[in-house]
file target.csv (CSV, C-alpha atoms and all ligand atoms)
chain,number,residue,atom,x,y,z
A,8,MET,CA,-7.1,-49.5,52.1
A,9,LYS,CA,-10.7,-50.4,51.2
A,10,GLU,CA,-11.7,-46.7,51.3
A,11,LYS,CA,-8.8,-45.8,49.1
A,12,LEU,CA,-9.7,-48.3,46.5
A,13,GLN,CA,-13.3,-47.2,46.7
A,14,ALA,CA,-12.2,-43.6,46.1
A,15,ILE,CA,-10.0,-44.7,43.1
A,16,THR,CA,-12.9,-46.6,41.6
A,17,GLU,CA,-15.4,-43.7,42.0
A,18,GLU,CA,-12.9,-41.2,40.6
A,19,ALA,CA,-12.1,-43.5,37.6
A,20,LEU,CA,-15.7,-44.1,36.8
A,21,GLU,CA,-16.5,-40.4,37.0
A,22,LYS,CA,-13.6,-39.6,34.6
A,23,ILE,CA,-14.6,-42.3,32.2
A,24,SER,CA,-18.2,-41.1,32.1
A,25,LYS,CA,-16.9,-37.6,31.2
A,26,ALA,CA,-14.4,-38.8,28.6
A,27,LYS,CA,-15.0,-37.3,25.1
A,28,ASP,CA,-12.8,-39.5,22.9
A,29,MET,CA,-10.4,-42.4,22.8
A,30,GLU,CA,-7.5,-40.1,23.7
A,31,ASP,CA,-9.2,-39.2,27.1
A,32,LEU,CA,-9.9,-42.9,27.8
A,33,ASN,CA,-6.3,-43.9,27.0
A,34,ALA,CA,-5.1,-41.2,29.3
A,35,ILE,CA,-7.4,-42.4,32.1
A,36,LYS,CA,-6.2,-46.0,31.5
A,37,VAL,CA,-2.5,-45.0,31.9
A,38,ALA,CA,-3.2,-42.8,34.9
A,39,ILE,CA,-4.9,-45.6,36.8
A,40,LEU,CA,-3.8,-48.9,35.4
A,41,GLY,CA,-0.5,-47.9,33.9
A,42,LYS,CA,3.0,-48.8,35.3
A,43,LYS,CA,3.0,-45.5,37.3
A,44,GLY,CA,-0.8,-45.5,37.8
A,45,GLU,CA,-2.8,-45.1,41.0
A,46,LEU,CA,-3.9,-48.7,41.3
A,47,THR,CA,-0.4,-50.0,40.5
A,48,ALA,CA,0.9,-47.8,43.3
A,49,VAL,CA,-1.6,-49.5,45.7
A,50,LEU,CA,-0.3,-52.9,44.6
A,51,LYS,CA,3.2,-51.8,45.2
A,52,GLY,CA,2.1,-50.8,48.8
A,53,MET,CA,1.1,-54.4,49.5
A,54,LYS,CA,4.4,-55.1,51.2
A,55,ASP,CA,3.2,-52.8,54.0
A,56,VAL,CA,0.0,-54.8,54.5
A,57,ALA,CA,0.0,-57.5,57.2
A,58,PRO,CA,0.6,-60.9,55.6
A,59,GLU,CA,-2.7,-62.3,56.8
A,60,ASP,CA,-4.6,-59.4,55.2
A,61,ARG,CA,-2.8,-59.7,51.8
A,62,PRO,CA,-5.2,-62.2,50.1
A,63,LEU,CA,-8.2,-60.0,50.9
A,64,VAL,CA,-6.5,-56.8,49.9
A,65,GLY,CA,-5.2,-58.5,46.7
A,66,GLN,CA,-8.7,-59.6,45.9
A,67,LEU,CA,-10.0,-56.1,46.5
A,68,VAL,CA,-7.4,-54.6,44.2
A,69,ASN,CA,-8.2,-57.2,41.5
A,70,ASP,CA,-12.0,-56.4,41.8
A,71,THR,CA,-11.3,-52.7,41.5
A,72,ARG,CA,-9.1,-53.3,38.4
A,73,ALA,CA,-11.8,-55.4,36.9
A,74,VAL,CA,-14.5,-52.8,37.5
A,75,ILE,CA,-12.4,-50.0,36.0
A,76,GLU,CA,-11.3,-52.1,33.0
A,77,GLU,CA,-14.9,-53.2,32.3
A,78,SER,CA,-16.0,-49.6,32.4
A,79,LEU,CA,-13.2,-48.4,30.2
A,80,ASP,CA,-13.8,-51.2,27.7
A,81,LYS,CA,-17.5,-50.4,27.5
A,82,GLU,CA,-16.9,-46.7,26.9
A,83,MET,CA,-14.2,-47.4,24.3
A,84,LYS,CA,-16.6,-49.6,22.4
A,85,ALA,CA,-19.3,-46.9,22.6
A,86,ILE,CA,-16.9,-44.2,21.4
A,87,ALA,CA,-15.7,-46.4,18.5
A,88,ARG,CA,-19.3,-47.1,17.5
A,89,ALA,CA,-20.1,-43.4,17.6
A,90,VAL,CA,-17.0,-42.5,15.5
A,91,ARG,CA,-18.0,-45.2,12.9
A,92,SER,CA,-21.6,-44.2,12.7
A,93,GLY,CA,-20.5,-40.5,12.4
A,94,LYS,CA,-18.3,-41.4,9.5
A,95,MET,CA,-21.0,-43.5,7.8
A,96,LYS,CA,-23.4,-40.5,8.1
A,97,ARG,CA,-20.8,-38.2,6.5
A,98,GLU,CA,-20.2,-40.6,3.7
A,99,THR,CA,-23.8,-41.4,3.0
A,100,ILE,CA,-24.6,-41.4,-0.7
A,101,ASP,CA,-27.8,-39.8,-1.8
A,102,VAL,CA,-28.8,-42.2,-4.5
A,103,THR,CA,-31.5,-39.7,-5.7
A,104,LEU,CA,-28.9,-37.1,-6.7
A,105,PRO,CA,-28.2,-36.9,-10.5
A,106,GLY,CA,-25.0,-38.8,-11.4
A,107,ALA,CA,-21.8,-37.3,-12.8
A,108,LYS,CA,-22.2,-36.8,-16.6
A,109,LEU,CA,-20.0,-38.9,-18.8
A,110,ILE,CA,-18.5,-36.9,-21.8
A,111,ARG,CA,-20.2,-38.5,-24.8
A,112,GLY,CA,-18.5,-38.4,-28.2
A,113,HIS,CA,-20.1,-38.5,-31.5
A,114,ARG,CA,-19.4,-39.6,-35.1
A,115,HIS,CA,-16.3,-38.0,-36.7
A,116,PRO,CA,-17.2,-35.5,-39.5
A,117,ASN,CA,-15.5,-37.9,-42.0
A,118,GLN,CA,-17.9,-40.7,-40.9
A,119,VAL,CA,-20.9,-38.4,-41.1
A,120,ALA,CA,-20.0,-37.5,-44.6
A,121,LEU,CA,-19.3,-41.1,-45.5
A,122,GLU,CA,-22.7,-42.3,-44.2
A,123,ASP,CA,-24.4,-39.5,-46.2
A,124,LEU,CA,-22.5,-40.6,-49.3
A,125,GLU,CA,-23.3,-44.2,-48.8
A,126,ARG,CA,-27.0,-43.5,-48.3
A,127,VAL,CA,-27.2,-41.8,-51.7
A,128,PHE,CA,-25.6,-44.7,-53.5
A,129,ILE,CA,-27.4,-47.4,-51.5
A,130,GLY,CA,-30.6,-45.6,-52.6
A,131,MET,CA,-29.5,-46.3,-56.2
A,132,GLY,CA,-29.0,-50.0,-55.5
A,133,TYR,CA,-25.3,-50.0,-54.8
A,134,GLU,CA,-23.7,-52.5,-52.4
A,135,ILE,CA,-21.0,-51.4,-49.9
A,136,VAL,CA,-17.8,-53.5,-50.3
A,137,GLU,CA,-14.6,-53.3,-48.3
A,138,GLY,CA,-11.1,-54.7,-49.1
A,139,PRO,CA,-7.7,-55.1,-47.5
A,140,GLU,CA,-5.6,-52.0,-46.7
A,141,VAL,CA,-2.4,-54.1,-47.1
A,142,GLU,CA,-2.6,-55.1,-50.7
A,143,TYR,CA,-0.8,-57.0,-53.4
A,144,ASP,CA,1.0,-54.8,-56.0
A,145,LYS,CA,-0.9,-56.9,-58.6
A,146,TYR,CA,-4.3,-55.6,-57.4
A,147,ASN,CA,-3.2,-52.1,-56.6
A,148,PHE,CA,-1.4,-51.5,-59.9
A,149,GLU,CA,-1.1,-54.2,-62.5
A,150,MET,CA,-4.7,-55.3,-62.9
A,151,LEU,CA,-5.7,-51.7,-63.0
A,152,ASN,CA,-3.6,-51.1,-66.1
A,153,ILE,CA,-0.9,-49.3,-64.2
A,154,PRO,CA,2.4,-50.6,-65.8
A,155,ALA,CA,5.6,-51.1,-63.9
A,156,ASN,CA,7.1,-47.9,-65.2
A,157,HIS,CA,4.1,-45.7,-64.2
A,158,PRO,CA,5.0,-42.7,-62.1
A,159,ALA,CA,2.3,-43.7,-59.6
A,160,LYS,CA,4.4,-46.8,-58.6
A,161,ASP,CA,7.3,-44.5,-57.7
A,162,GLU,CA,8.6,-45.3,-54.2
A,163,GLN,CA,8.1,-41.6,-53.3
A,164,ASP,CA,4.3,-42.1,-53.6
A,165,THR,CA,3.9,-45.7,-52.4
A,166,PHE,CA,4.6,-47.4,-49.1
A,167,TYR,CA,6.1,-50.8,-50.0
A,168,ILE,CA,5.9,-53.6,-47.5
A,169,ASN,CA,8.1,-55.7,-49.9
A,170,LYS,CA,8.4,-55.8,-53.6
A,171,ASP,CA,5.0,-57.5,-54.1
A,172,ILE,CA,3.0,-56.0,-51.2
A,173,VAL,CA,2.0,-52.4,-50.7
A,174,LEU,CA,-0.2,-50.2,-48.5
A,175,ARG,CA,-2.9,-49.6,-51.0
A,176,THR,CA,-2.6,-46.2,-52.7
A,177,GLN,CA,-6.3,-46.3,-53.8
A,178,THR,CA,-9.4,-48.2,-53.1
A,179,SER,CA,-9.5,-49.4,-56.7
A,180,PRO,CA,-8.0,-52.8,-55.9
A,181,VAL,CA,-11.4,-53.6,-54.3
A,182,GLN,CA,-12.9,-53.1,-57.8
A,183,ALA,CA,-10.4,-55.6,-59.2
A,184,ARG,CA,-11.2,-58.1,-56.5
A,185,VAL,CA,-14.9,-57.8,-57.1
A,186,MET,CA,-14.6,-58.0,-60.9
A,187,GLU,CA,-12.3,-61.1,-60.6
A,188,THR,CA,-15.2,-63.0,-58.9
A,189,GLY,CA,-17.0,-62.8,-62.2
A,190,LYS,CA,-20.4,-62.2,-60.6
A,191,MET,CA,-22.4,-59.9,-62.9
A,192,PRO,CA,-23.8,-57.3,-62.8
A,193,ILE,CA,-21.6,-55.2,-60.5
A,194,ARG,CA,-22.8,-52.1,-58.7
A,195,ILE,CA,-20.6,-51.4,-55.7
A,196,LEU,CA,-19.3,-48.6,-53.5
A,197,ALA,CA,-15.9,-49.2,-51.9
A,198,PRO,CA,-15.0,-46.8,-49.2
A,199,GLY,CA,-11.7,-47.1,-47.3
A,200,ARG,CA,-8.4,-45.8,-46.0
A,201,VAL,CA,-5.6,-45.4,-48.5
A,202,PHE,CA,-1.9,-44.5,-48.1
A,203,ARG,CA,0.6,-42.3,-49.9
A,204,SER,CA,4.1,-41.3,-49.0
A,205,ASP,CA,3.1,-37.6,-48.7
A,206,GLU,CA,4.3,-35.0,-46.3
A,207,VAL,CA,1.5,-33.6,-44.0
A,208,ASP,CA,0.2,-30.2,-45.0
A,209,ALA,CA,-3.2,-28.5,-45.3
A,210,THR,CA,-4.3,-30.7,-48.2
A,211,HIS,CA,-2.1,-33.8,-47.9
A,212,SER,CA,-1.8,-36.6,-45.5
A,213,PRO,CA,0.0,-40.0,-45.7
A,214,SER,CA,-3.3,-41.6,-44.9
A,215,PHE,CA,-6.7,-40.5,-46.2
A,216,HIS,CA,-9.9,-42.0,-47.4
A,217,GLN,CA,-11.4,-42.7,-50.8
A,218,VAL,CA,-14.9,-43.8,-51.8
A,219,GLU,CA,-14.9,-45.5,-55.2
A,220,GLY,CA,-17.9,-46.6,-57.2
A,221,LEU,CA,-18.0,-49.3,-59.9
A,222,VAL,CA,-20.7,-50.4,-62.2
A,223,VAL,CA,-20.2,-53.2,-64.8
A,224,ASP,CA,-23.0,-54.6,-66.9
A,225,LYS,CA,-24.1,-55.1,-70.4
A,226,GLY,CA,-24.8,-51.8,-72.2
A,227,ILE,CA,-23.4,-49.4,-69.6
A,228,THR,CA,-22.5,-46.1,-71.3
A,229,PHE,CA,-21.0,-42.7,-70.5
A,230,ALA,CA,-24.6,-41.4,-70.3
A,231,ASP,CA,-25.2,-43.8,-67.3
A,232,LEU,CA,-22.1,-42.4,-65.6
A,233,LYS,CA,-23.1,-38.8,-66.2
A,234,GLY,CA,-26.7,-39.4,-65.0
A,235,THR,CA,-25.5,-41.2,-61.9
A,236,LEU,CA,-23.0,-38.6,-60.8
A,237,ASP,CA,-25.4,-35.8,-61.6
A,238,GLN,CA,-28.0,-37.4,-59.4
A,239,PHE,CA,-25.4,-37.9,-56.7
A,240,ALA,CA,-24.4,-34.2,-56.8
A,241,LYS,CA,-28.0,-33.1,-56.5
A,242,GLU,CA,-28.8,-35.4,-53.6
A,243,PHE,CA,-25.6,-34.7,-51.7
A,244,PHE,CA,-24.9,-31.0,-52.4
A,245,GLY,CA,-28.5,-29.8,-53.1
A,246,PRO,CA,-31.1,-30.1,-55.8
A,247,ASN,CA,-29.9,-27.1,-57.8
A,248,THR,CA,-26.4,-28.4,-58.2
A,249,LYS,CA,-25.1,-28.7,-61.8
A,250,THR,CA,-22.2,-30.9,-62.9
A,251,LYS,CA,-19.5,-30.3,-65.5
A,252,PHE,CA,-17.3,-33.1,-67.0
A,253,ARG,CA,-13.8,-32.1,-68.0
A,254,PRO,CA,-11.7,-34.5,-70.0
A,255,HIS,CA,-8.9,-36.0,-68.0
A,256,HIS,CA,-6.5,-39.0,-67.9
A,257,PHE,CA,-6.5,-42.0,-65.6
A,258,PRO,CA,-4.8,-45.3,-66.5
A,259,PHE,CA,-7.8,-47.4,-65.5
A,260,THR,CA,-10.5,-45.6,-67.3
A,261,GLU,CA,-11.0,-44.5,-70.9
A,262,PRO,CA,-12.4,-42.0,-71.6
A,263,SER,CA,-11.8,-40.3,-68.2
A,264,ALA,CA,-13.1,-37.1,-66.8
A,265,GLU,CA,-12.9,-34.9,-63.7
A,266,VAL,CA,-16.2,-33.6,-62.4
A,267,ASP,CA,-16.9,-30.1,-61.1
A,268,ILE,CA,-20.1,-29.1,-59.4
A,269,THR,CA,-21.6,-25.6,-59.2
A,270,CYS,CA,-20.4,-24.0,-55.9
A,271,PHE,CA,-23.0,-24.9,-53.3
A,272,LYS,CA,-22.1,-21.8,-51.3
A,273,CYS,CA,-22.7,-19.1,-54.0
A,274,GLY,CA,-24.7,-21.2,-56.5
A,275,GLY,CA,-22.1,-20.6,-59.2
A,276,LYS,CA,-21.8,-16.8,-59.0
A,277,GLY,CA,-18.3,-17.0,-57.6
A,278,CYS,CA,-17.1,-16.7,-54.0
A,279,ARG,CA,-14.1,-17.4,-51.7
A,280,MET,CA,-15.2,-21.1,-51.4
A,281,CYS,CA,-14.9,-21.7,-55.2
A,282,LYS,CA,-12.1,-19.2,-55.6
A,283,GLY,CA,-14.3,-17.0,-57.7
A,284,SER,CA,-14.9,-19.6,-60.5
A,285,GLY,CA,-18.4,-20.7,-59.4
A,286,TRP,CA,-17.2,-24.4,-59.8
A,287,ILE,CA,-15.7,-26.9,-57.4
A,288,GLU,CA,-13.8,-30.0,-58.4
A,289,ILE,CA,-15.3,-33.0,-56.7
A,290,LEU,CA,-14.2,-36.3,-58.2
A,291,GLY,CA,-12.6,-38.3,-61.0
A,292,CYS,CA,-14.4,-40.8,-63.2
A,293,GLY,CA,-14.5,-42.6,-66.5
A,294,MET,CA,-15.5,-45.7,-68.4
A,295,VAL,CA,-13.6,-48.8,-67.2
A,296,HIS,CA,-10.6,-49.4,-69.5
A,297,PRO,CA,-11.0,-52.5,-71.6
A,298,ASN,CA,-7.6,-53.7,-70.4
A,299,VAL,CA,-8.8,-53.6,-66.8
A,300,LEU,CA,-11.9,-55.6,-67.7
A,301,ARG,CA,-9.8,-58.1,-69.5
A,302,ASN,CA,-7.2,-58.3,-66.6
A,303,CYS,CA,-10.1,-59.2,-64.3
A,304,GLY,CA,-11.5,-61.9,-66.7
A,305,ILE,CA,-14.4,-59.9,-68.1
A,306,ASP,CA,-15.0,-59.7,-71.8
A,307,PRO,CA,-15.0,-56.0,-72.8
A,308,GLU,CA,-16.9,-56.9,-76.0
A,309,VAL,CA,-19.8,-58.1,-73.8
A,310,TYR,CA,-19.6,-55.9,-70.7
A,311,THR,CA,-18.9,-52.2,-70.2
A,312,GLY,CA,-18.7,-50.2,-67.0
A,313,PHE,CA,-17.9,-47.0,-65.3
A,314,ALA,CA,-16.0,-46.1,-62.2
A,315,PHE,CA,-15.6,-43.0,-60.1
A,316,GLY,CA,-13.5,-42.0,-57.1
A,317,ILE,CA,-14.3,-39.4,-54.5
A,318,GLY,CA,-11.8,-38.1,-51.9
A,319,LEU,CA,-13.8,-38.5,-48.6
A,320,GLU,CA,-11.7,-35.8,-46.8
A,321,ARG,CA,-12.3,-33.4,-49.8
A,322,VAL,CA,-16.0,-33.9,-49.5
A,323,THR,CA,-15.9,-33.5,-45.7
A,324,LEU,CA,-13.8,-30.3,-45.9
A,325,LEU,CA,-16.3,-28.9,-48.4
A,326,LYS,CA,-19.4,-30.0,-46.6
A,327,TYR,CA,-18.2,-28.4,-43.3
A,328,GLU,CA,-16.2,-25.5,-44.9
A,329,ILE,CA,-13.0,-26.7,-43.1
A,330,ASP,CA,-9.9,-25.2,-44.6
A,331,ASP,CA,-7.2,-27.5,-43.2
A,332,MET,CA,-7.3,-31.3,-43.5
A,333,ARG,CA,-5.0,-31.7,-40.5
A,334,LEU,CA,-7.8,-30.7,-38.2
A,335,LEU,CA,-9.7,-33.9,-39.2
A,336,TYR,CA,-6.9,-36.1,-37.8
A,337,GLU,CA,-5.8,-34.2,-34.7
A,338,ASN,CA,-8.8,-35.6,-32.8
A,339,ASP,CA,-9.1,-32.4,-30.7
A,340,THR,CA,-12.6,-32.8,-29.4
A,341,ARG,CA,-13.0,-29.1,-29.1
A,342,PHE,CA,-12.8,-29.0,-32.9
A,343,LEU,CA,-14.7,-32.2,-33.6
A,344,ASN,CA,-17.6,-31.4,-31.3
A,345,GLN,CA,-18.6,-28.6,-33.7
A,346,PHE,CA,-19.9,-31.0,-36.3
B,401,ZN,ZN,-18.7,-20.1,-54.7
call {"tool": "encode", "arguments": {"input": "target.csv", "output": "structure tokens"}}
result
Amino acid sequence: MKEKLQAITEEALEKISKAKDMEDLNAIKVAILGKKGELTAVLKGMKDVAPEDRPLVGQLVNDTRAVIEESLDKEMKAIARAVRSGKMKRETIDVTLPGAKLIRGHRHPNQVALEDLERVFIGMGYEIVEGPEVEYDKYNFEMLNIPANHPAKDEQDTFYINKDIVLRTQTSPVQARVMETGKMPIRILAPGRVFRSDEVDATHSPSFHQVEGLVVDKGITFADLKGTLDQFAKEFFGPNTKTKFRPHHFPFTEPSAEVDITCFKCGGKGCRMCKGSGWIEILGCGMVHPNVLRNCGIDPEVYTGFAFGIGLERVTLLKYEIDDMRLLYENDTRFLNQF
């Protein structure tokens, strides 16, 4: 019996030392210590052992079992450690490798054009002022000399929140709000988003941006307006740019004009950009209507002023020679990254 146990132990230890992985060890465990294992078979044979020898044999079997279990346990721990350290090695991060690059965005072409515009006017002493996009009808229309029956108030053009509140159709209500404070003189640039109930096409969008300017002081004349916009055109579109003022009508200015600049692409010779005319329409402007000054509590006998409005998208499209306004809003980075 003793020799048999000795043989089992030696064989087991030999197998354990040769085991390559957990699977091998588990197989050994089952083959020796399992229900049908070799050592279990020895225990089952105890009934053939003389009763007086049983305690001794039992002790021997237990010792054998303990030796094998200890060896198995040691080897299993060693293999588990090896597996873990192998895994760690494979997953080691080389902190000296360059990291994955994040895709970095940049300013939207509209924003770049706006900042260029603002820079020109800040250079002339203008202050940038913003106002609410959801605006009272009173500021958006009434105070700006747009009567109730004016076509601009038509529901087809204006988004009404209720009968007194609209999504502003222009940035001009900012002018009314500034004039109303009564702080003189006024020299402001009011950029912002405006809303019209327009169908989307290459040149229209229900939401777009305006940049409006307003100057009110004693002795402001049309000559100041012309000089300012001429200077703006030269700084923004190039030093050789010429301006042309065409009479026009706006309810909030009198007299009013639309301003064309010489085509910055062909210098006025005529090209595809300017549709052969050599001129490009760029903005609307005029002397602030006395009614508007009066509505805002300013005495038109003492103060005069001028105002102008630039379509930001129009300037952006021109500046970057983009032929479809929708491209500015689709936010396709493949397009936007070009600017
Ligand atoms: Zn041209």
call {"tool": "atom_distance", "arguments": {"input": "target.csv", "atom1": "atom CA of A:Leu324", "atom2": "atom CA of A:Ala197"}}
result
19.9 Å
call {"tool": "residues_near_ligand", "arguments": {"input": "target.csv", "ligand": "ligand ZN 401 (chain B)", "cutoff": "9 Å", "atoms": "all atoms listed in the file", "output": "list in words"}}
result
Thr269, Cys270, Phe271, Lys272, Cys273, Gly274, Gly275, Lys276, Gly277, Cys278, Arg279, Met280, Cys281, Lys282, Gly283, Ser284, Gly285, Trp286 and Ile287 of chain A
call {"tool": "closest_residue", "arguments": {"input": "target.csv", "among": "A:Val136, A:Ile153, A:Val141, A:Val127", "to": "A:Glu219", "atoms": "all atoms listed in the file"}}
result
A:Val136
call {"tool": "closest_residue", "arguments": {"input": "target.csv", "among": "A:Met191, A:Lys170, A:Pro62, A:Asp164", "to": "A:Asp205", "atoms": "only C-alpha atoms"}}
result
A:Asp164
call {"tool": "atom_distance", "arguments": {"input": "target.csv", "atom1": "atom CA of A:Phe313", "atom2": "atom CA of A:Asn152"}}
result
14.9 Å
call {"tool": "atom_distance", "arguments": {"input": "target.csv", "atom1": "atom CA of A:Ser263", "atom2": "atom CA of A:Pro297"}}
result
12.7 Å
call {"tool": "closest_residue", "arguments": {"input": "target.csv", "among": "A:Val64, A:Leu335, A:Lys22, A:Tyr327", "to": "A:His211", "atoms": "only C-alpha atoms"}}
result
A:Leu335
call {"tool": "closest_residue", "arguments": {"input": "target.csv", "among": "A:Ile329, A:Ile268, A:Leu236, A:Ala34", "to": "A:Leu343", "atoms": "only C-alpha atoms"}}
result
A:Ile329
call {"tool": "axis_aligned_box", "arguments": {"input": "target.csv", "around": "stretch 24-28 of chain A", "padding_each_side": "6 Å", "output": "AutoDock Vina command-line options"}}
result
--center_x -15.5 --center_y -39.2 --center_z 27.5 --size_x 17.4 --size_y 15.8 --size_z 21.2
call {"tool": "residues_around", "arguments": {"input": "target.csv", "residues": "A:Ala19", "least_positions_apart": "4", "cutoff": "12 Å", "atoms": "all atoms listed in the file", "output": "JSON, numbers by chain"}}
result
{"A": [12, 13, 14, 15, 23, 24, 25, 26, 31, 32, 34, 35, 36, 37, 38, 39, 40, 44, 45, 46, 71, 72, 73, 74, 75, 76, 77, 78, 79]}
call {"tool": "residues_around", "arguments": {"input": "target.csv", "residues": "A:Asp267", "least_positions_apart": "6", "cutoff": "7 Å", "atoms": "all atoms listed in the file", "output": "list in words"}}
result
Thr250, Lys251, Phe252, Trp286, Ile287, Glu288 and Ile289 of chain A
call {"tool": "residues_around", "arguments": {"input": "target.csv", "residues": "stretch 344-346 of chain A", "least_positions_apart": "3", "cutoff": "12 Å", "atoms": "only C-alpha atoms", "output": "list in words"}}
result
Ile110, Arg111, Gly112, His113, Arg114, His115, Pro116, Asn117, Gln118, Val119, Ala120, Thr323, Leu324, Lys326, Tyr327, Glu328, Ile329, Leu334, Leu335, Asn338, Asp339, Thr340 and Arg341 of chain A
call {"tool": "residues_around", "arguments": {"input": "target.csv", "residues": "A:Gln177", "least_positions_apart": "4", "cutoff": "8 Å", "atoms": "all atoms listed in the file", "output": "list in words"}}
result
Asn147, Val201, Phe202 and Gln217 of chain A
call {"tool": "residues_around", "arguments": {"input": "target.csv", "residues": "A:Gln182", "least_positions_apart": "2", "cutoff": "12 Å", "atoms": "all atoms listed in the file", "output": "ChimeraX atom specification"}}
result
/A:135-139,146-148,150-151,177-180,184-189,193-198,218-223,259,295,299-300,302-303,312-316
call {"tool": "residues_near_point", "arguments": {"input": "target.csv", "point": "(-14.5, -33.7, -71.2)", "cutoff": "9 Å", "atoms": "all atoms listed in the file", "output": "ChimeraX atom specification"}}
result
/A:251-255,262-266
call {"tool": "closest_residue", "arguments": {"input": "target.csv", "among": "A:Gly318, A:Pro213, A:Gly304, A:Pro258", "to": "A:Lys190", "atoms": "all atoms listed in the file"}}
result
A:Gly304
call {"tool": "closest_residue", "arguments": {"input": "target.csv", "among": "A:His157, A:His296, A:Lys11, A:Lys94", "to": "A:Gly52", "atoms": "all atoms listed in the file"}}
result
A:Lys11
call {"tool": "residues_near_point", "arguments": {"input": "target.csv", "point": "(-4.5, -30.4, -41.9)", "cutoff": "8 Å", "atoms": "only C-alpha atoms", "output": "number ranges by chain"}}
result
A: 207-212, 330-336
call {"tool": "decode", "arguments": {"input": "target.csv", "residues": "stretch 105-141 of chain A", "atoms": "C-alpha atoms", "output": "compact mmCIF listing (two decimals), in the first residue's frame"}}
result
# COMPACT_ATOMS: atom_id res chain seq x y z
CA PRO A 105 2.43 60.15 -29.87
CA GLY A 106 -1.27 60.26 -28.88
CA ALA A 107 -4.24 59.89 -31.21
CA LYS A 108 -4.91 63.27 -32.78
CA LEU A 109 -8.22 64.96 -31.99
CA ILE A 110 -9.98 66.51 -34.94
CA ARG A 111 -9.79 70.22 -34.33
CA GLY A 112 -12.45 72.53 -35.71
CA HIS A 113 -12.02 76.19 -36.54
CA ARG A 114 -14.08 79.32 -36.85
CA HIS A 115 -17.04 79.20 -39.24
CA PRO A 116 -16.52 81.33 -42.39
CA ASN A 117 -19.43 83.52 -41.22
CA GLN A 118 -17.61 84.15 -37.96
CA VAL A 119 -14.33 84.93 -39.70
CA ALA A 120 -16.10 87.46 -41.94
CA LEU A 121 -17.90 88.97 -38.94
CA GLU A 122 -14.69 89.39 -36.96
CA ASP A 123 -13.03 91.05 -39.97
CA LEU A 124 -16.00 93.40 -40.26
CA GLU A 125 -16.03 94.20 -36.57
CA ARG A 126 -12.31 94.93 -36.63
CA VAL A 127 -12.80 97.58 -39.31
CA PHE A 128 -15.52 99.38 -37.36
CA ILE A 129 -13.92 98.98 -33.95
CA GLY A 130 -10.94 100.71 -35.58
CA MET A 131 -13.27 103.64 -36.34
CA GLY A 132 -14.41 103.81 -32.70
CA TYR A 133 -17.60 101.76 -32.92
CA GLU A 134 -18.90 99.71 -30.03
CA ILE A 135 -20.30 96.19 -30.62
CA VAL A 136 -23.83 95.85 -29.19
CA GLU A 137 -26.14 92.85 -29.19
CA GLY A 138 -29.87 92.56 -28.56
CA PRO A 139 -32.60 89.94 -28.10
CA GLU A 140 -33.53 87.65 -31.01
CA VAL A 141 -37.10 87.35 -29.70
